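Novice: Below is one structure. I have some questions about it.
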Amino acid sequence: MIALADCNNFYASCERVFQPKLEQKPIVVLSNNDGCVIARSNEAKKIGIPMGAPAFKMEELFENNGVHVFSANFALYGDFSQRVMNTMRTEVSAMEVYSIDESFMDFSNVALPKEKALEIRGKVKLWTGIPISIGVAPTKALAKVANHYAKKFTVDGVLVLEKASHISRALKKLPVQDLWGVGKRYAKFLSQRGVVTAYDLVGLDEGWIRRNMTVGGLKLVQELKGVSCFAIQESSPRKKNICTARSFGRKVKSACELKEAVSAYANTCSEKLRAEGSCASLITVFLATNPFDSSQPQYGGSRKIQLSTPTNDSLEIVKAAIETLKQIYKPGLIYKKAGVVVSEIVPENQVQLSLFDGVDRRKRKCLMNSVDQINKRIGKNKVRLAVQGFDRKWRLKQEHLSPCYTTRFTDLLTVSL
DNA sequence: TCTGGGGTCCTAGGACCC
DNA sequence: TCTGGGGTCCTAGGACCC
């Protein structure tokens, strides 16, 4: 048996932990740049605020319903995620962290799954303040289904799906698009063929599924029949791509500002590589104008640069990114977004060195180590490259940011007696 | 004025190899 | 008249996840 734990309305719940007066109140969390709604408390869902709705179109609705609006605070959510995962890890022998707010847990040796799940749920709430729901079933895909019902229809937030009759009853009531692995396109394609529920999908010919929904669809159907195709993966495989990209908080025209932004993103990619113990040899830079602004000329450019030696050195990666940016930059346009992707990733200790390499890599590694350690101790980006800029006018718009209660000393909660 | 930011996997088709 | 069979690698695009 496999359990899937999923935090309820995770970002909204994080915002509530240190502001208990927000219990029972509608909360929404906005994406970067306060762009669109990415998380909603149950109360906000009831008001009819859709997921992904642009915030500027919702202002009246927010106002009229007393909705508490937050800018995304990923430092806070990331820290809470770790606390939740660490708490769950004390209870099970094997666990896979699947996303920032979800984990699969091995329940194969759990005698009383329902009781165990309730215990975990209670412990996470007590230790972290975050409410979670847990679904337990024979496979991952079925655990997802169980979790779906646990969240929607149970009082205690836990559902075990084990008996065949219970499983087929659950599948009969589940719209096919609510399945893990069935998105909008497949849902439309299937409904045109009369496949509406998960149960309908399971009844189809497997050859047909394979032809029309690839092996991914076939594995999903197998899992729904109780045949496990997805094992619990305790350690995450090395990333194949690492991307840092942002929309700008305001219009950006000048090459100089773009250079600052792209340098900052390239530096972040380098930091992510170092944190993973990886190096990359392909750097891609892209930029784009605002696709929603039809009054302006549109442009999207991207270009790659191949490095002869894989690296995670900020100086090298930033330099390569700036060179690449110069090749795709067109003056006179209003840019809205830029990003850097690093790929062709290899482990740091398996880098193929070049005979003609001019860089003193040992020395550089020491430098990067020092920078990382200092920044870890006294704050992000305290030591950085000058090219990353100082006023950073292009940075995110975050008008409703909550304090980083758990990751920044100056933001610690104060209590007056 | 204002619409996010990460990822993965699969497939088809073209170019090329022997 | 008649033109094989087996591969790999790369890319773009599509689908999905959170």
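Labeling convention for the structure tokens: chains A, B, ... as they appear, residues from 1 per chain, ligands from 1 in order of appearance.
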Could you pull out the helix (DSSP H, G or I) residues of stretch 79-242 of chain A from DSSP and send them as a PyMOL selection string?
Specialist: chain A and resi 79-89+113-128+140-153+164-173+176-178+184-191+198-202+206-224
Novice: From the DSSP assignment of the backbone, select every residue of stretch 150-377 of chain A that is strand (DSSP E or B), and format the answer as a PyMOL selection string.
Specialist: chain A and resi 158-160+175+197+241-252+278-289+300-311+335-347
Novice: Give me, as a list in words, the contact residues of chain C against chain A at a cut-off of 8 Å, counting only C-alpha atoms (C1' of nucleotides).
Specialist: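 Written out as asked, the residues are DA15, DC16, DC17 and DC18 of chain C.
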Novice: Which neighbours of stretch 2-5 of chain B fall inside 10 Å, counting only C-alpha atoms (C1' of nucleotides), when residues of the same chain fewer than 3 positions from it are skipped, and could you give them as a list in words?
Specialist: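 In the requested format, the answer is Leu30, Ser31, Asn32, Asn33, Asp34, Gly35, Cys36, Val37, Ile38, Gly52, Ala53, Pro54, Ala55, Phe56, Lys57, Ala72, Cys243, Thr244, Ala245, Arg246, Ser247, Asn290, Pro291 and Phe292 of chain A.
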Novice: Just want the 8 Å neighbourhood of A:Asp6, counted on only C-alpha atoms (C1' of nucleotides), with same-chain residues fewer than 2 positions away dropped. Output as a PyMOL selection string.
Specialist: chain A and resi 4+8+101-103+132-134+147
Novice: List as a list in words the protein and nucleic acid residues near A:Cys269, meaning an atom at most 7 Å away when only C-alpha atoms (C1' of nucleotides) are counted, but skip any in the same chain fewer than 3 places from it.
Specialist: Ile242, Cys243, Thr244, Tyr265, Ala266, Lys272, Leu273 and Val342 of chain A
Novice: Please save C-alpha atoms of the selected residues as a CSV table (one decimal), in the first residue's frame.
Specialist:
```csv
chain,number,residue,atom,x,y,z
A,242,ILE,CA,17.7,24.0,-14.5
A,243,CYS,CA,15.8,27.2,-15.4
A,244,THR,CA,15.6,30.6,-13.8
A,265,TYR,CA,19.2,34.6,-13.4
A,266,ALA,CA,22.4,33.1,-14.7
A,272,LYS,CA,21.3,25.9,-8.0
A,273,LEU,CA,23.9,23.8,-9.9
A,342,VAL,CA,21.4,25.4,-18.1
```
Novice: Would you kindly return, as a PyMOL selection string, each protein, DNA or RNA residue with an atom no farther than 9 Å from any atom of stretch 10-14 of chain C, considering only C-alpha atoms (C1' of nucleotides) and excluding same-chain residues fewer than 3 positions away?
Specialist: chain B and resi 10-11+14-15
Novice: So that I have them on file, write out the residues from the current selection with N, CA and C atoms (P, O5', C5', C4', C3', O3' and C1' of nucleotides), as a CSV table (one decimal), in the first residue's frame.
Specialist:
```csv
chain,number,residue,atom,x,y,z
B,10,DC,P,8.8,8.1,-21.2
B,10,DC,O5',8.0,8.6,-22.5
B,10,DC,C5',6.6,8.7,-22.4
B,10,DC,C4',6.2,9.2,-23.8
B,10,DC,C3',6.8,8.5,-24.9
B,10,DC,O3',5.7,7.9,-25.7
B,10,DC,C1',7.0,10.8,-25.2
B,11,DT,P,6.1,6.9,-26.9
B,11,DT,O5',6.0,8.0,-28.1
B,11,DT,C5',4.8,8.8,-28.2
B,11,DT,C4',5.0,9.7,-29.5
B,11,DT,C3',5.6,8.9,-30.7
B,11,DT,O3',4.7,9.0,-31.8
B,11,DT,C1',6.8,10.9,-30.3
B,14,DG,P,10.4,14.2,-42.6
B,14,DG,O5',11.8,14.7,-42.5
B,14,DG,C5',12.1,15.9,-41.8
B,14,DG,C4',13.5,16.0,-41.4
B,14,DG,C3',14.5,15.5,-42.5
B,14,DG,O3',15.5,16.4,-42.7
B,14,DG,C1',14.9,14.4,-40.5
B,15,DA,P,16.5,16.2,-43.9
B,15,DA,O5',17.8,15.7,-43.2
B,15,DA,C5',18.4,16.5,-42.2
B,15,DA,C4',19.6,15.7,-41.6
B,15,DA,C3',20.4,15.0,-42.6
B,15,DA,O3',21.8,15.4,-42.5
B,15,DA,C1',19.8,13.5,-40.9
```
Novice: Show me, as a list of chain:residue names, the residues that have an atom within 12 Å of A:Leu353 when counting only C-alpha atoms (C1' of nucleotides), minus same-chain residues fewer than 5 positions from it.
Specialist: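 Using only C-alpha atoms (C1' of nucleotides), the neighbours found are A:Cys279, A:Ser281, A:Leu307, A:Ser308, A:Thr309, A:Pro310, A:Thr311, A:Glu348, A:Gly358, A:Val359, A:Asp360, A:Arg361.
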Novice: Write out, as a compact mmCIF listing (two decimals), in the first residue's frame, the residues just selected, with all heavy atoms.
Specialist:
```txt
# COMPACT_ATOMS: atom_id res chain seq x y z
N CYS A 279 27.30 20.20 -12.77
CA CYS A 279 27.84 21.18 -13.71
C CYS A 279 27.06 21.07 -15.01
O CYS A 279 26.55 20.01 -15.36
CB CYS A 279 29.32 20.90 -13.99
SG CYS A 279 30.38 21.35 -12.62
N SER A 281 26.93 22.29 -19.38
CA SER A 281 27.77 22.81 -20.45
C SER A 281 26.98 23.51 -21.55
O SER A 281 27.55 24.03 -22.48
CB SER A 281 28.62 21.69 -21.05
OG SER A 281 27.81 20.63 -21.45
N LEU A 307 29.51 25.33 -23.91
CA LEU A 307 30.79 25.52 -23.25
C LEU A 307 31.63 24.26 -23.44
O LEU A 307 31.09 23.15 -23.45
CB LEU A 307 30.60 25.79 -21.76
CG LEU A 307 29.67 26.96 -21.41
CD1 LEU A 307 29.55 27.10 -19.90
CD2 LEU A 307 30.20 28.25 -22.01
N SER A 308 32.93 24.44 -23.58
CA SER A 308 33.75 23.25 -23.84
C SER A 308 33.94 22.41 -22.58
O SER A 308 34.13 21.20 -22.67
CB SER A 308 35.10 23.66 -24.42
OG SER A 308 35.69 24.61 -23.59
N THR A 309 33.87 23.05 -21.42
CA THR A 309 33.99 22.30 -20.17
C THR A 309 32.76 22.59 -19.30
O THR A 309 32.43 23.74 -19.07
CB THR A 309 35.25 22.74 -19.40
OG1 THR A 309 36.37 22.63 -20.27
CG2 THR A 309 35.47 21.89 -18.17
N PRO A 310 32.08 21.53 -18.84
CA PRO A 310 30.93 21.75 -17.96
C PRO A 310 31.35 22.52 -16.70
O PRO A 310 32.43 22.29 -16.16
CB PRO A 310 30.49 20.33 -17.59
CG PRO A 310 31.05 19.45 -18.65
CD PRO A 310 32.32 20.10 -19.10
N THR A 311 30.49 23.42 -16.26
CA THR A 311 30.87 24.28 -15.14
C THR A 311 29.67 24.63 -14.27
O THR A 311 28.52 24.51 -14.71
CB THR A 311 31.50 25.59 -15.67
OG1 THR A 311 31.92 26.38 -14.57
CG2 THR A 311 30.50 26.39 -16.48
N GLU A 348 29.36 16.97 -10.66
CA GLU A 348 30.53 17.84 -10.49
C GLU A 348 31.85 17.05 -10.52
O GLU A 348 32.86 17.52 -11.05
CB GLU A 348 30.39 18.48 -9.10
CG GLU A 348 31.10 19.75 -8.86
CD GLU A 348 30.66 20.33 -7.51
OE1 GLU A 348 30.24 19.55 -6.62
OE2 GLU A 348 30.73 21.54 -7.36
N GLY A 358 41.63 27.26 -19.92
CA GLY A 358 42.44 28.33 -19.35
C GLY A 358 42.04 28.72 -17.94
O GLY A 358 42.61 29.65 -17.36
N VAL A 359 41.05 28.03 -17.36
CA VAL A 359 40.53 28.46 -16.06
C VAL A 359 41.19 27.65 -14.94
O VAL A 359 41.34 26.44 -15.05
CB VAL A 359 39.00 28.23 -16.02
CG1 VAL A 359 38.42 28.72 -14.70
CG2 VAL A 359 38.33 28.93 -17.19
N ASP A 360 41.55 28.35 -13.87
CA ASP A 360 42.07 27.65 -12.68
C ASP A 360 40.88 27.18 -11.86
O ASP A 360 40.37 27.89 -10.99
CB ASP A 360 42.96 28.62 -11.87
CG ASP A 360 43.60 27.91 -10.68
OD1 ASP A 360 43.17 26.79 -10.34
OD2 ASP A 360 44.53 28.49 -10.11
N ARG A 361 40.42 25.96 -12.16
CA ARG A 361 39.15 25.51 -11.59
C ARG A 361 39.20 25.28 -10.09
O ARG A 361 38.19 25.43 -9.40
CB ARG A 361 38.66 24.26 -12.33
CG ARG A 361 38.35 24.64 -13.77
CD ARG A 361 37.62 23.63 -14.57
NE ARG A 361 37.47 24.21 -15.90
CZ ARG A 361 36.45 24.98 -16.26
NH1 ARG A 361 35.46 25.21 -15.42
NH2 ARG A 361 36.40 25.52 -17.45
```
Novice: So how far away is atom CA of A:Ala231 from atom CA of A:Asp205, in Å?
Specialist: 24.3 Å
